[in-house]
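*Asks:* You'll find model.txt just under this line, and it carries compact mmCIF, C-alpha atoms and all ligand atoms.
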# COMPACT_ATOMS: atom_id res chain seq x y z
CA MET B 12 -73.02 9.33 12.46
CA THR B 13 -69.30 10.13 12.54
CA LEU B 14 -66.77 9.38 9.88
CA ALA B 15 -64.04 8.46 12.38
CA LEU B 16 -63.27 5.12 10.76
CA ILE B 17 -63.10 6.62 7.27
CA ASP B 18 -60.95 9.50 8.58
CA ALA B 19 -58.49 7.07 10.14
CA LEU B 20 -58.06 5.26 6.82
CA GLN B 21 -57.65 8.55 4.99
CA ASP B 22 -54.84 9.47 7.38
CA ARG B 23 -53.12 6.18 6.64
CA ILE B 24 -53.44 6.67 2.89
CA ALA B 25 -52.12 10.25 3.18
CA SER B 26 -49.11 8.94 5.04
CA LEU B 27 -48.44 6.37 2.28
CA ASP B 28 -48.60 9.21 -0.21
CA VAL B 29 -46.00 11.24 1.72
CA GLN B 30 -43.64 8.25 1.78
CA GLY B 31 -43.97 7.64 -1.96
CA LEU B 32 -45.74 4.36 -1.20
CA ARG B 33 -49.23 5.07 -2.43
CA ARG B 34 -50.34 2.62 -5.11
CA ARG B 35 -52.27 3.79 -8.12
CA ARG B 36 -53.66 1.73 -10.94
CA ARG B 37 -53.43 2.73 -14.54
CA THR B 38 -56.25 1.59 -16.80
CA THR B 39 -55.39 -0.10 -20.08
CA HIS B 40 -57.77 0.03 -23.01
CA SER B 41 -56.35 -2.72 -25.18
CA ALA B 42 -55.43 -6.43 -25.05
CA CYS B 43 -52.28 -7.54 -23.23
CA ALA B 44 -49.33 -6.86 -25.59
CA PRO B 45 -46.08 -4.87 -25.64
CA GLN B 46 -47.92 -1.95 -27.29
CA LEU B 47 -50.75 -0.74 -25.08
CA VAL B 48 -53.16 2.14 -24.84
CA VAL B 49 -52.99 3.35 -21.24
CA ASP B 50 -55.03 6.25 -19.95
CA GLY B 51 -55.48 7.26 -23.57
CA GLN B 52 -51.75 7.23 -24.38
CA ARG B 53 -49.91 4.69 -26.58
CA VAL B 54 -47.04 3.13 -24.63
CA LEU B 55 -44.49 0.36 -24.93
CA SER B 56 -44.96 -1.80 -21.85
CA PHE B 57 -42.41 -3.92 -19.95
CA ASN B 58 -44.73 -5.03 -17.14
CA SER B 59 -46.67 -8.14 -17.99
CA ASN B 60 -45.91 -11.74 -17.06
CA ASP B 61 -47.17 -12.77 -20.49
CA TYR B 62 -43.72 -14.19 -21.25
CA LEU B 63 -44.64 -16.13 -24.36
CA GLY B 64 -47.09 -13.55 -25.70
CA LEU B 65 -50.08 -15.89 -25.41
CA ALA B 66 -52.48 -13.71 -23.40
CA ALA B 67 -54.01 -12.22 -26.55
CA ASP B 68 -53.23 -15.16 -28.88
CA ALA B 69 -56.10 -15.67 -31.36
CA ARG B 70 -55.98 -19.49 -31.15
CA ILE B 71 -56.34 -19.42 -27.38
CA ALA B 72 -59.09 -16.80 -27.51
CA THR B 73 -60.93 -19.03 -30.00
CA ALA B 74 -60.50 -22.03 -27.70
CA LEU B 75 -61.96 -19.93 -24.88
CA GLN B 76 -65.01 -19.14 -27.03
CA GLU B 77 -65.37 -22.81 -27.87
CA GLY B 78 -65.18 -23.59 -24.13
CA VAL B 79 -67.99 -21.12 -23.48
CA ARG B 80 -70.10 -22.75 -26.21
CA LEU B 81 -69.52 -26.18 -24.66
CA TYR B 82 -69.79 -25.32 -20.96
CA GLY B 83 -71.36 -21.88 -20.66
CA ALA B 84 -69.95 -19.08 -18.53
CA GLY B 85 -69.60 -20.59 -15.09
CA SER B 86 -69.03 -23.90 -13.31
CA GLY B 87 -71.93 -23.35 -10.88
CA ALA B 88 -70.39 -25.11 -7.88
CA SER B 89 -67.21 -26.18 -6.15
CA HIS B 90 -65.24 -29.14 -7.50
CA LEU B 91 -66.40 -31.57 -4.79
CA VAL B 92 -70.07 -30.71 -5.29
CA SER B 93 -70.86 -30.54 -9.02
CA GLY B 94 -68.47 -27.98 -10.54
CA HIS B 95 -65.80 -30.41 -11.73
CA THR B 96 -66.23 -30.75 -15.50
CA GLN B 97 -64.67 -32.80 -18.26
CA ALA B 98 -62.71 -29.65 -19.20
CA HIS B 99 -61.06 -29.48 -15.75
CA GLU B 100 -60.42 -33.21 -15.85
CA ALA B 101 -58.83 -33.09 -19.32
CA LEU B 102 -56.57 -30.20 -18.31
CA GLU B 103 -55.41 -32.01 -15.17
CA GLU B 104 -54.62 -35.16 -17.18
CA ARG B 105 -52.66 -33.12 -19.71
CA LEU B 106 -50.71 -31.32 -16.96
CA ALA B 107 -49.94 -34.58 -15.19
CA ASP B 108 -48.56 -36.06 -18.44
CA PHE B 109 -46.59 -32.92 -19.16
CA MET B 110 -44.93 -32.83 -15.72
CA ALA B 111 -44.51 -36.63 -15.44
CA PRO B 112 -40.78 -36.64 -16.36
CA HIS B 113 -40.05 -34.79 -13.11
CA LEU B 114 -42.34 -36.48 -10.63
CA VAL B 115 -43.13 -40.01 -9.50
CA GLN B 116 -46.70 -41.20 -10.20
CA ALA B 117 -47.51 -37.70 -11.38
CA ASP B 118 -50.93 -36.18 -10.96
CA ALA B 119 -52.13 -32.56 -11.16
CA LEU B 120 -54.81 -30.29 -9.73
CA TYR B 121 -56.14 -27.10 -11.35
CA LEU B 122 -56.91 -24.20 -8.99
CA SER B 123 -58.41 -20.75 -9.59
CA THR B 124 -55.22 -18.81 -8.85
CA GLY B 125 -51.59 -19.34 -7.94
CA TYR B 126 -52.21 -17.44 -4.74
CA MET B 127 -54.78 -20.03 -3.72
CA ALA B 128 -52.59 -22.89 -4.93
CA ASN B 129 -49.83 -21.83 -2.53
CA LEU B 130 -52.30 -21.53 0.35
CA ALA B 131 -53.69 -24.94 -0.58
CA VAL B 132 -50.37 -26.78 -0.71
CA LEU B 133 -48.86 -25.32 2.45
CA THR B 134 -51.96 -25.64 4.63
CA ALA B 135 -52.76 -29.17 3.43
CA LEU B 136 -49.22 -30.57 3.75
CA ALA B 137 -48.84 -29.06 7.24
CA SER B 138 -52.21 -30.44 8.32
CA ALA B 139 -50.92 -34.02 7.89
CA THR B 140 -49.37 -33.70 11.39
CA PRO B 141 -51.29 -30.94 13.21
CA GLY B 142 -49.09 -28.94 15.59
CA GLU B 143 -45.99 -30.77 14.41
CA ALA B 144 -45.12 -29.15 11.11
CA GLU B 145 -42.35 -26.72 10.24
CA ILE B 146 -42.06 -24.68 7.07
CA PHE B 147 -38.66 -23.47 5.83
CA SER B 148 -39.19 -20.47 3.60
CA ASP B 149 -36.75 -18.33 1.58
CA ALA B 150 -36.65 -14.69 2.76
CA LEU B 151 -37.68 -13.39 -0.67
CA ASN B 152 -40.57 -15.79 -1.27
CA HIS B 153 -43.79 -14.51 -2.81
CA ALA B 154 -46.50 -13.03 -0.57
CA SER B 155 -48.80 -16.00 -1.23
CA ILE B 156 -46.19 -18.34 0.26
CA ILE B 157 -45.84 -16.10 3.31
CA ASP B 158 -49.62 -16.06 3.73
CA GLY B 159 -49.94 -19.82 3.17
CA ALA B 160 -47.28 -20.50 5.78
CA ARG B 161 -49.10 -18.26 8.29
CA LEU B 162 -52.45 -19.86 7.56
CA SER B 163 -51.00 -23.35 7.97
CA ARG B 164 -50.27 -22.69 11.67
CA ALA B 165 -46.99 -24.51 11.19
CA ARG B 166 -43.84 -23.19 12.76
CA VAL B 167 -42.20 -20.96 10.15
CA THR B 168 -38.43 -20.62 9.77
CA VAL B 169 -37.31 -18.02 7.23
CA TYR B 170 -33.83 -18.66 5.81
CA PRO B 171 -31.69 -15.99 4.11
CA HIS B 172 -32.24 -15.72 0.35
CA ASN B 173 -30.86 -18.76 -1.52
CA ASP B 174 -28.65 -19.62 1.48
CA VAL B 175 -28.32 -23.40 1.25
CA ALA B 176 -25.97 -23.64 4.25
CA ALA B 177 -28.42 -21.76 6.49
CA LEU B 178 -31.25 -23.99 5.27
CA ALA B 179 -29.14 -27.09 6.06
CA GLN B 180 -28.60 -25.84 9.61
CA ALA B 181 -32.26 -25.07 10.12
CA LEU B 182 -33.33 -28.49 8.83
CA ALA B 183 -30.77 -30.25 11.03
CA ALA B 184 -32.06 -28.36 14.08
CA SER B 185 -35.70 -29.29 13.45
CA ASP B 186 -37.55 -32.18 15.06
CA ALA B 187 -40.88 -31.43 13.37
CA ALA B 188 -42.78 -34.48 12.11
CA THR B 189 -43.59 -32.76 8.81
CA ARG B 190 -40.95 -30.52 7.25
CA ILE B 191 -41.70 -28.44 4.20
CA VAL B 192 -39.08 -26.46 2.31
CA VAL B 193 -40.68 -23.89 0.04
CA THR B 194 -39.09 -21.57 -2.49
CA ASP B 195 -39.85 -19.52 -5.58
CA SER B 196 -37.96 -21.03 -8.53
CA VAL B 197 -37.52 -17.69 -10.28
CA PHE B 198 -37.81 -14.88 -7.73
CA SER B 199 -40.50 -12.57 -8.94
CA MET B 200 -38.93 -9.22 -8.05
CA ASP B 201 -35.27 -10.20 -8.55
CA GLY B 202 -35.27 -12.57 -11.50
CA ASP B 203 -32.66 -14.93 -10.05
CA ILE B 204 -33.15 -18.70 -9.87
CA ALA B 205 -33.07 -20.75 -6.65
CA PRO B 206 -30.36 -23.45 -6.41
CA LEU B 207 -32.99 -26.18 -6.60
CA PRO B 208 -30.66 -29.20 -7.03
CA GLN B 209 -28.89 -28.41 -3.73
CA ILE B 210 -32.15 -27.60 -1.99
CA LEU B 211 -33.77 -30.83 -3.19
CA ALA B 212 -30.76 -32.87 -2.02
CA LEU B 213 -31.08 -31.28 1.42
CA ALA B 214 -34.82 -31.85 1.57
CA GLN B 215 -34.34 -35.51 0.66
CA ARG B 216 -31.60 -35.97 3.25
CA HIS B 217 -33.93 -34.60 5.93
CA GLY B 218 -37.12 -36.31 4.78
CA ALA B 219 -38.71 -32.98 3.87
CA TRP B 220 -41.09 -31.97 1.10
CA LEU B 221 -39.79 -29.51 -1.45
CA VAL B 222 -42.51 -27.15 -2.68
CA VAL B 223 -41.39 -25.17 -5.75
CA ASP B 224 -43.36 -22.09 -6.76
CA ASP B 225 -42.66 -22.07 -10.49
CA ALA B 226 -44.95 -19.13 -11.31
CA HIS B 227 -42.25 -17.48 -13.44
CA GLY B 228 -40.51 -20.65 -14.65
CA PHE B 229 -43.39 -22.64 -16.10
CA GLY B 230 -43.56 -22.16 -19.88
CA VAL B 231 -40.29 -20.20 -19.85
CA LEU B 232 -37.59 -22.55 -18.55
CA GLY B 233 -36.64 -25.95 -19.94
CA GLU B 234 -36.53 -27.20 -23.52
CA HIS B 235 -40.25 -28.07 -23.49
CA GLY B 236 -41.27 -25.26 -21.13
CA ARG B 237 -41.93 -27.59 -18.20
CA GLY B 238 -40.19 -25.02 -16.04
CA ALA B 239 -37.56 -25.08 -13.33
CA LEU B 240 -37.76 -28.84 -12.75
CA GLU B 241 -36.88 -29.41 -16.41
CA HIS B 242 -34.23 -26.66 -16.35
CA PHE B 243 -32.41 -28.57 -13.58
CA SER B 244 -33.50 -32.11 -14.67
CA LEU B 245 -34.99 -32.84 -11.24
CA LYS B 246 -37.19 -35.80 -10.41
CA SER B 247 -38.45 -36.85 -7.00
CA PRO B 248 -41.58 -38.14 -5.23
CA GLU B 249 -41.08 -35.41 -2.59
CA LEU B 250 -41.38 -32.58 -5.12
CA VAL B 251 -44.54 -30.51 -5.19
CA CYS B 252 -44.63 -28.06 -8.09
CA MET B 253 -46.94 -25.06 -8.36
CA GLY B 254 -47.17 -23.54 -11.84
CA ALA B 255 -49.09 -20.38 -12.69
CA LEU B 256 -51.33 -20.50 -15.76
CA GLY B 257 -52.07 -16.77 -15.94
CA LYS B 258 -48.44 -15.85 -16.73
CA ALA B 259 -46.55 -17.65 -19.53
CA ALA B 260 -49.64 -19.76 -20.31
CA GLY B 261 -51.57 -16.54 -20.91
CA VAL B 262 -54.92 -17.51 -19.38
CA SER B 263 -55.77 -17.82 -15.68
CA GLY B 264 -55.41 -20.11 -12.70
CA ALA B 265 -52.62 -22.40 -11.56
CA PHE B 266 -51.80 -26.05 -11.11
CA VAL B 267 -50.18 -28.19 -8.50
CA ALA B 268 -48.32 -31.22 -9.86
CA ALA B 269 -47.04 -33.89 -7.48
CA HIS B 270 -47.23 -37.57 -6.60
CA ALA B 271 -50.83 -38.80 -6.99
CA THR B 272 -51.13 -39.30 -3.24
CA VAL B 273 -50.30 -35.64 -2.60
CA ILE B 274 -52.98 -34.58 -5.09
CA ASP B 275 -55.48 -36.92 -3.42
CA TRP B 276 -54.60 -35.36 -0.05
CA LEU B 277 -55.18 -31.86 -1.46
CA VAL B 278 -58.62 -32.93 -2.65
CA GLN B 279 -59.34 -34.19 0.89
CA ARG B 280 -57.93 -31.30 2.85
CA ALA B 281 -56.97 -28.18 0.86
CA ARG B 282 -59.55 -25.60 1.90
CA PRO B 283 -58.61 -23.06 -0.85
CA TYR B 284 -59.49 -25.83 -3.34
CA ILE B 285 -62.54 -27.25 -1.60
CA TYR B 286 -64.43 -24.18 -0.42
CA THR B 287 -64.55 -22.14 -3.58
CA THR B 288 -66.48 -22.26 -6.84
CA ALA B 289 -64.58 -24.12 -9.55
CA ALA B 290 -63.00 -21.81 -12.14
CA ALA B 291 -64.96 -21.41 -15.36
CA PRO B 292 -64.58 -24.64 -17.38
CA ALA B 293 -63.92 -22.56 -20.51
CA LEU B 294 -60.65 -21.38 -18.93
CA ALA B 295 -59.52 -24.97 -18.47
CA HIS B 296 -60.58 -25.72 -22.05
CA ALA B 297 -58.55 -22.76 -23.39
CA LEU B 298 -55.53 -23.83 -21.37
CA LEU B 299 -55.32 -27.07 -23.37
CA THR B 300 -54.50 -24.92 -26.41
CA SER B 301 -51.93 -22.91 -24.38
CA LEU B 302 -50.19 -26.09 -23.31
CA ALA B 303 -50.08 -27.31 -26.91
CA VAL B 304 -48.26 -24.08 -27.89
CA ILE B 305 -45.89 -24.20 -24.90
CA ASP B 306 -44.97 -27.82 -25.73
CA SER B 307 -44.27 -27.25 -29.43
CA ARG B 308 -41.57 -26.10 -31.81
CA GLU B 309 -43.26 -22.70 -31.77
CA GLY B 310 -42.99 -22.65 -27.98
CA GLN B 311 -39.26 -23.31 -28.31
CA GLN B 312 -38.93 -20.45 -30.80
CA ARG B 313 -40.73 -18.12 -28.42
CA ARG B 314 -38.38 -19.14 -25.61
CA ALA B 315 -35.39 -18.54 -27.93
CA GLN B 316 -36.69 -15.05 -28.71
CA LEU B 317 -36.99 -14.34 -24.96
CA ASP B 318 -33.35 -15.43 -24.51
CA LEU B 319 -32.24 -13.12 -27.27
CA LEU B 320 -34.06 -10.11 -25.78
CA GLN B 321 -32.81 -10.89 -22.32
CA HIS B 322 -29.20 -10.84 -23.53
CA GLN B 323 -29.87 -7.53 -25.24
CA LEU B 324 -31.15 -6.12 -21.93
CA SER B 325 -28.42 -7.64 -19.79
CA GLU B 326 -26.39 -4.42 -19.66
CA LEU B 327 -28.55 -1.46 -18.68
CA PRO B 328 -27.24 2.10 -18.73
CA LEU B 329 -26.59 3.00 -15.09
CA ARG B 330 -26.06 6.19 -13.15
CA ALA B 331 -24.51 6.55 -9.68
CA GLY B 332 -26.55 4.60 -7.14
CA TRP B 333 -28.41 2.46 -9.67
CA ARG B 334 -27.80 -1.27 -9.60
CA GLN B 335 -28.84 -3.92 -12.12
CA LEU B 336 -29.52 -7.28 -10.50
CA PRO B 337 -27.92 -10.26 -12.23
CA SER B 338 -30.70 -12.30 -13.84
CA ASN B 339 -30.89 -14.97 -16.53
CA THR B 340 -34.65 -14.75 -16.82
CA PRO B 341 -37.10 -12.37 -18.51
CA ILE B 342 -37.34 -10.48 -15.18
CA GLN B 343 -34.70 -7.73 -15.29
CA PRO B 344 -34.66 -5.41 -12.24
CA LEU B 345 -33.01 -2.02 -11.96
CA VAL B 346 -32.66 -1.14 -8.27
CA ILE B 347 -32.75 2.59 -7.60
CA GLY B 348 -33.31 2.44 -3.85
CA ASP B 349 -35.26 5.52 -2.88
CA ASN B 350 -39.04 5.56 -3.49
CA ALA B 351 -39.25 9.11 -4.84
CA ALA B 352 -36.24 8.62 -7.14
CA THR B 353 -37.72 5.38 -8.48
CA LEU B 354 -41.07 7.04 -9.14
CA ALA B 355 -39.28 9.91 -10.91
CA VAL B 356 -37.48 7.52 -13.28
CA ALA B 357 -40.73 5.63 -13.93
CA GLN B 358 -42.43 8.94 -14.72
CA ALA B 359 -39.60 10.05 -17.03
CA LEU B 360 -39.85 6.74 -18.89
CA PHE B 361 -43.62 7.09 -19.15
CA SER B 362 -43.21 10.57 -20.62
CA SER B 363 -41.07 9.02 -23.35
CA GLY B 364 -43.76 6.43 -24.02
CA ILE B 365 -42.36 3.52 -22.01
CA TRP B 366 -44.25 1.93 -19.15
CA ALA B 367 -42.45 0.02 -16.39
CA SER B 368 -43.99 0.07 -12.94
CA ALA B 369 -42.08 1.22 -9.87
CA ILE B 370 -41.92 -1.64 -7.36
CA ARG B 371 -41.70 -0.50 -3.75
CA ALA B 372 -42.02 -1.83 -0.20
CA PRO B 373 -43.59 -3.99 1.04
CA THR B 374 -43.32 -5.88 -2.27
CA VAL B 375 -39.53 -5.52 -2.00
CA PRO B 376 -37.39 -4.68 1.09
CA VAL B 377 -37.40 -1.02 2.23
CA GLY B 378 -34.63 0.95 0.48
CA SER B 379 -34.57 -1.34 -2.59
CA ALA B 380 -37.29 0.27 -4.68
CA ARG B 381 -36.83 -0.67 -8.29
CA LEU B 382 -38.03 -0.70 -11.83
CA ARG B 383 -38.71 -4.22 -12.94
CA PHE B 384 -38.61 -4.79 -16.67
CA THR B 385 -40.28 -7.97 -17.83
CA LEU B 386 -39.86 -9.23 -21.35
CA SER B 387 -42.23 -11.06 -23.62
CA ALA B 388 -41.50 -13.08 -26.74
CA THR B 389 -43.73 -10.58 -28.55
CA HIS B 390 -41.28 -7.75 -27.81
CA THR B 391 -38.90 -6.98 -30.67
CA GLN B 392 -35.21 -6.08 -30.51
CA GLU B 393 -36.30 -2.62 -31.61
CA ASP B 394 -38.58 -2.40 -28.54
CA VAL B 395 -35.72 -3.30 -26.22
CA GLY B 396 -33.53 -0.80 -28.07
CA ARG B 397 -36.08 1.94 -27.37
CA LEU B 398 -36.04 1.08 -23.67
CA LEU B 399 -32.23 1.18 -23.57
CA ASP B 400 -32.14 4.53 -25.41
CA ALA B 401 -34.70 6.06 -23.05
CA LEU B 402 -32.83 4.82 -19.97
CA HIS B 403 -29.59 6.11 -21.43
CA ALA B 404 -31.07 9.59 -21.81
CA ILE B 405 -32.41 9.54 -18.22
CA ALA B 406 -29.09 8.25 -16.83
CA LYS B 407 -27.25 11.15 -18.50
CA GLU B 408 -29.54 13.87 -17.10
CA PRO B 409 -27.82 16.03 -14.49
C1 LIG S 501 -47.99 -14.44 -9.55
C2 LIG S 501 -47.39 -15.30 -8.51
C3 LIG S 501 -48.19 -16.12 -7.72
C4 LIG S 501 -49.68 -16.06 -7.76
O1 LIG S 501 -50.21 -16.55 -8.94
P1 LIG S 501 -51.63 -15.97 -9.43
O2 LIG S 501 -52.14 -17.02 -10.36
O3 LIG S 501 -51.35 -14.67 -10.08
O4 LIG S 501 -52.48 -15.84 -8.20
C5 LIG S 501 -47.57 -16.98 -6.85
N1 LIG S 501 -46.23 -17.01 -6.73
C6 LIG S 501 -45.43 -16.21 -7.45
C7 LIG S 501 -43.95 -16.30 -7.28
C8 LIG S 501 -45.99 -15.32 -8.35
O5 LIG S 501 -45.21 -14.49 -9.04
Translate the structure described by the file into C-alpha cells.
*Replies:*
Amino acid sequence: MTLALIDALQDRIASLDVQGLRRRRRTTHSACAPQLVVDGQRVLSFNSNDYLGLAADARIATALQEGVRLYGAGSGASHLVSGHTQAHEALEERLADFMAPHLVQADALYLSTGYMANLAVLTALASATPGEAEIFSDALNHASIIDGARLSRARVTVYPHNDVAALAQALAASDAATRIVVTDSVFSMDGDIAPLPQILALAQRHGAWLVVDDAHGFGVLGEHGRGALEHFSLKSPELVCMGALGKAAGVSGAFVAAHATVIDWLVQRARPYIYTTAAAPALAHALLTSLAVIDSREGQQRRAQLDLLQHQLSELPLRAGWRQLPSNTPIQPLVIGDNAATLAVAQALFSSGIWASAIRAPTVPVGSARLRFTLSATHTQEDVGRLLDALHAIAKEP
C-alpha cells in the first residue's frame, strides 16, 4: 500500500500554509455570545451572524426543548415521505404571513440550510425550461449562489458588483426563455446593500425572476425585521426571497418565500428540498419563538441597538494600506490586502483578547484579505470601544 494520494493532499495543504491560506478552526467552549471561551481563553468576539443576540436566548432554548418533548429528536424522513410535521407547517404559515406585505399570494418553504435553499431555488427555477435558462449573478454573490447556478446547468452571466447598467445590457442581450437575476441583499464579506429597487425594475422590464438572498438582511433590516424587501418597500410576484434562520433568527435552517405557485414548483422539483431528511421539527418549533421576538417591540429595540453600535464602529483607526469598506449594516470590513499582514493583525487582536477572523481568498478576491467585524445587539458600546482601542494600538505600532 502506498500513501501517494495522502501525500498529494499533504503537499496541497503545505502550499496553502506557505501562502497564508490554510484554514484552522478554533474551538469555543461556551454558548454563542460576544464573550466567549475559546481554546481556554476568554475573548470578546466580533464574528457571529447572531445579529439580534438570539442564538443563546433562554426563551428560544426553552421552545426548542418543548419542540423535542412534542416531536422527539428527528423527523425520520424527507418532507414528501413522512417527515413533514405540524411544526414545519406552522412555521411555513407564519413565515408566509410575515413576508406577505412584499409578495403576491405569499407562501413559504422551510429548508435545512440557506446553502441548500439557494441550490433549491436556482436549480428548480432553471428547470422550468431545460436548456433555455440564463442566470444573471452579481460578481460578489455568496458561494451557495455560485454553486446553485452551476448545478442548475443554466447559462451563467456574472455581472460586475452592483452594476445595474451592466446587468441591463446583459438582460437585453439574452434570449433565454427563463431569466433569473440573483443577488445577495447584504453582501456577506463587504456589508454593502444591493440596489434592489433598480434591479427589480430591470427584472420586471425583462420578464425575469429576481432571487434575493437575504441571509444577512432578514431580522436586521426593515421596521419589523422582514429584511431587505421591507427596507426598500418592494412587492412583486416575481420576487423570490431566501432568508437564513441560523443568523439573526438564532436557530438553524432557511426559508424561501415567494408566490404560492413558486413554492409549489419547489416542492415538485427542488432536489435539495426533496432528497434530504426534513430538519428536526423542534427547530421549526423554536423558530416560531424567534419570529415572535423579531416581529416585536423588543426586536425593534435590538435593531436600534445594532444601529447605534454600527455608527460607533463606522470610523475605524487606519494605518497606511488599510481600507474600511463603507457599510450601513452590522458587517464592518477592514481590508488589509495581504494574507500574512491580515493574519498578523488578527493575531495581535487575539492577544489583546479580541477575536475577529481573518477572511482570505477564495472567500474574498485575492489581494483583499480582511478582518470582518460583525456586530450583535448583545454587544455593548463598551465592547465596541475595546475593539476600537485595540485597533488603535495596533495601527500605531511601527
Ligand atoms: C450564510 C449564508 C448562506 C447560507 O446559509 P446557511 O443557512 O448558513 O447555509 C447563504 N447566503 C449568504 C449570503 C450567506 O451569508
*Asks:* Go through the chains and note each residue within 10 Å of ligand LIG 501 (chain S), using all atoms listed in the file, then give the set as a ChimeraX atom specification.
*Replies:* /B:60,122-130,151-156,194-200,223-228,253-258,262-266
*Asks:* What's the separation between atom CA of B:His390 and atom CA of B:Ala369, in Å to one decimal place?
*Replies:*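 That distance, rounded to one decimal, is 20.1 Å.
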*Asks:* When you count all atoms listed in the file, which of these residues is closest to B:Val169: B:Asp186, B:Glu145, B:Glu408, B:Glu249?
*Replies:*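 Closest residue, counting all atoms listed in the file: B:Glu145.
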*Asks:* Fewer than 3 positions away in the same chain doesn't count, so skip those; otherwise give me all residues within 10 Å of stretch 349-353 of chain B, counting all atoms listed in the file, as a compact mmCIF listing (two decimals) with C-alpha atoms, in the coordinates of the input.
*Replies:*
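Contents of around_25.txt, freshly written:
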# COMPACT_ATOMS: atom_id res chain seq x y z
CA VAL B 29 -46.00 11.24 1.72
CA GLN B 30 -43.64 8.25 1.78
CA GLY B 31 -43.97 7.64 -1.96
CA LEU B 32 -45.74 4.36 -1.20
CA GLY B 332 -26.55 4.60 -7.14
CA TRP B 333 -28.41 2.46 -9.67
CA LEU B 345 -33.01 -2.02 -11.96
CA VAL B 346 -32.66 -1.14 -8.27
CA VAL B 356 -37.48 7.52 -13.28
CA ALA B 357 -40.73 5.63 -13.93
CA GLN B 358 -42.43 8.94 -14.72
CA ALA B 359 -39.60 10.05 -17.03
CA SER B 368 -43.99 0.07 -12.94
CA ALA B 369 -42.08 1.22 -9.87
CA ILE B 370 -41.92 -1.64 -7.36
CA ARG B 371 -41.70 -0.50 -3.75
CA ALA B 372 -42.02 -1.83 -0.20
CA VAL B 377 -37.40 -1.02 2.23
CA GLY B 378 -34.63 0.95 0.48
CA SER B 379 -34.57 -1.34 -2.59
CA ALA B 380 -37.29 0.27 -4.68
CA ARG B 381 -36.83 -0.67 -8.29
CA LEU B 382 -38.03 -0.70 -11.83
*Asks:* Calculated over all atoms listed in the file, which of the candidates B:Phe147, B:Tyr62, B:Phe229, B:Trp276 has the smallest distance to B:Asp118?
*Replies:* B:Trp276
*Asks:* So which residues touch B:Ala98 within 8 Å, counting all atoms listed in the file, skipping near sequence neighbours fewer than 6 positions away, as an MDAnalysis selection string?
*Replies:* chainID B and resid 292:293 295:296
*Asks:* Fewer than 6 positions away in the same chain doesn't count, so skip those; otherwise give me all residues within 10 Å of stretch 203-211 of chain B, counting all atoms listed in the file, as a PyMOL selection string.
*Replies:* chain B and resi 149+172-176+178-179+192-197+217+219-223+227-228+239-240+242-247+249-250+336-344
*Asks:* Suppose we keep C-alpha atoms; can you now write the selection as a PDB file, in the coordinates of the input?
*Replies:*
ATOM      1  CA  ASP B 149     -36.750 -18.330   1.580  1.00  0.00           C
ATOM      2  CA  HIS B 172     -32.240 -15.720   0.350  1.00  0.00           C
ATOM      3  CA  ASN B 173     -30.860 -18.760  -1.520  1.00  0.00           C
ATOM      4  CA  ASP B 174     -28.650 -19.620   1.480  1.00  0.00           C
ATOM      5  CA  VAL B 175     -28.320 -23.400   1.250  1.00  0.00           C
ATOM      6  CA  ALA B 176     -25.970 -23.640   4.250  1.00  0.00           C
ATOM      7  CA  LEU B 178     -31.250 -23.990   5.270  1.00  0.00           C
ATOM      8  CA  ALA B 179     -29.140 -27.090   6.060  1.00  0.00           C
ATOM      9  CA  VAL B 192     -39.080 -26.460   2.310  1.00  0.00           C
ATOM     10  CA  VAL B 193     -40.680 -23.890   0.040  1.00  0.00           C
ATOM     11  CA  THR B 194     -39.090 -21.570  -2.490  1.00  0.00           C
ATOM     12  CA  ASP B 195     -39.850 -19.520  -5.580  1.00  0.00           C
ATOM     13  CA  SER B 196     -37.960 -21.030  -8.530  1.00  0.00           C
ATOM     14  CA  VAL B 197     -37.520 -17.690 -10.280  1.00  0.00           C
ATOM     15  CA  HIS B 217     -33.930 -34.600   5.930  1.00  0.00           C
ATOM     16  CA  ALA B 219     -38.710 -32.980   3.870  1.00  0.00           C
ATOM     17  CA  TRP B 220     -41.090 -31.970   1.100  1.00  0.00           C
ATOM     18  CA  LEU B 221     -39.790 -29.510  -1.450  1.00  0.00           C
ATOM     19  CA  VAL B 222     -42.510 -27.150  -2.680  1.00  0.00           C
ATOM     20  CA  VAL B 223     -41.390 -25.170  -5.750  1.00  0.00           C
ATOM     21  CA  HIS B 227     -42.250 -17.480 -13.440  1.00  0.00           C
ATOM     22  CA  GLY B 228     -40.510 -20.650 -14.650  1.00  0.00           C
ATOM     23  CA  ALA B 239     -37.560 -25.080 -13.330  1.00  0.00           C
ATOM     24  CA  LEU B 240     -37.760 -28.840 -12.750  1.00  0.00           C
ATOM     25  CA  HIS B 242     -34.230 -26.660 -16.350  1.00  0.00           C
ATOM     26  CA  PHE B 243     -32.410 -28.570 -13.580  1.00  0.00           C
ATOM     27  CA  SER B 244     -33.500 -32.110 -14.670  1.00  0.00           C
ATOM     28  CA  LEU B 245     -34.990 -32.840 -11.240  1.00  0.00           C
ATOM     29  CA  LYS B 246     -37.190 -35.800 -10.410  1.00  0.00           C
ATOM     30  CA  SER B 247     -38.450 -36.850  -7.000  1.00  0.00           C
ATOM     31  CA  GLU B 249     -41.080 -35.410  -2.590  1.00  0.00           C
ATOM     32  CA  LEU B 250     -41.380 -32.580  -5.120  1.00  0.00           C
ATOM     33  CA  LEU B 336     -29.520  -7.280 -10.500  1.00  0.00           C
ATOM     34  CA  PRO B 337     -27.920 -10.260 -12.230  1.00  0.00           C
ATOM     35  CA  SER B 338     -30.700 -12.300 -13.840  1.00  0.00           C
ATOM     36  CA  ASN B 339     -30.890 -14.970 -16.530  1.00  0.00           C
ATOM     37  CA  THR B 340     -34.650 -14.750 -16.820  1.00  0.00           C
ATOM     38  CA  PRO B 341     -37.100 -12.370 -18.510  1.00  0.00           C
ATOM     39  CA  ILE B 342     -37.340 -10.480 -15.180  1.00  0.00           C
ATOM     40  CA  GLN B 343     -34.700  -7.730 -15.290  1.00  0.00           C
ATOM     41  CA  PRO B 344     -34.660  -5.410 -12.240  1.00  0.00           C
TER      42      PRO B 344
END
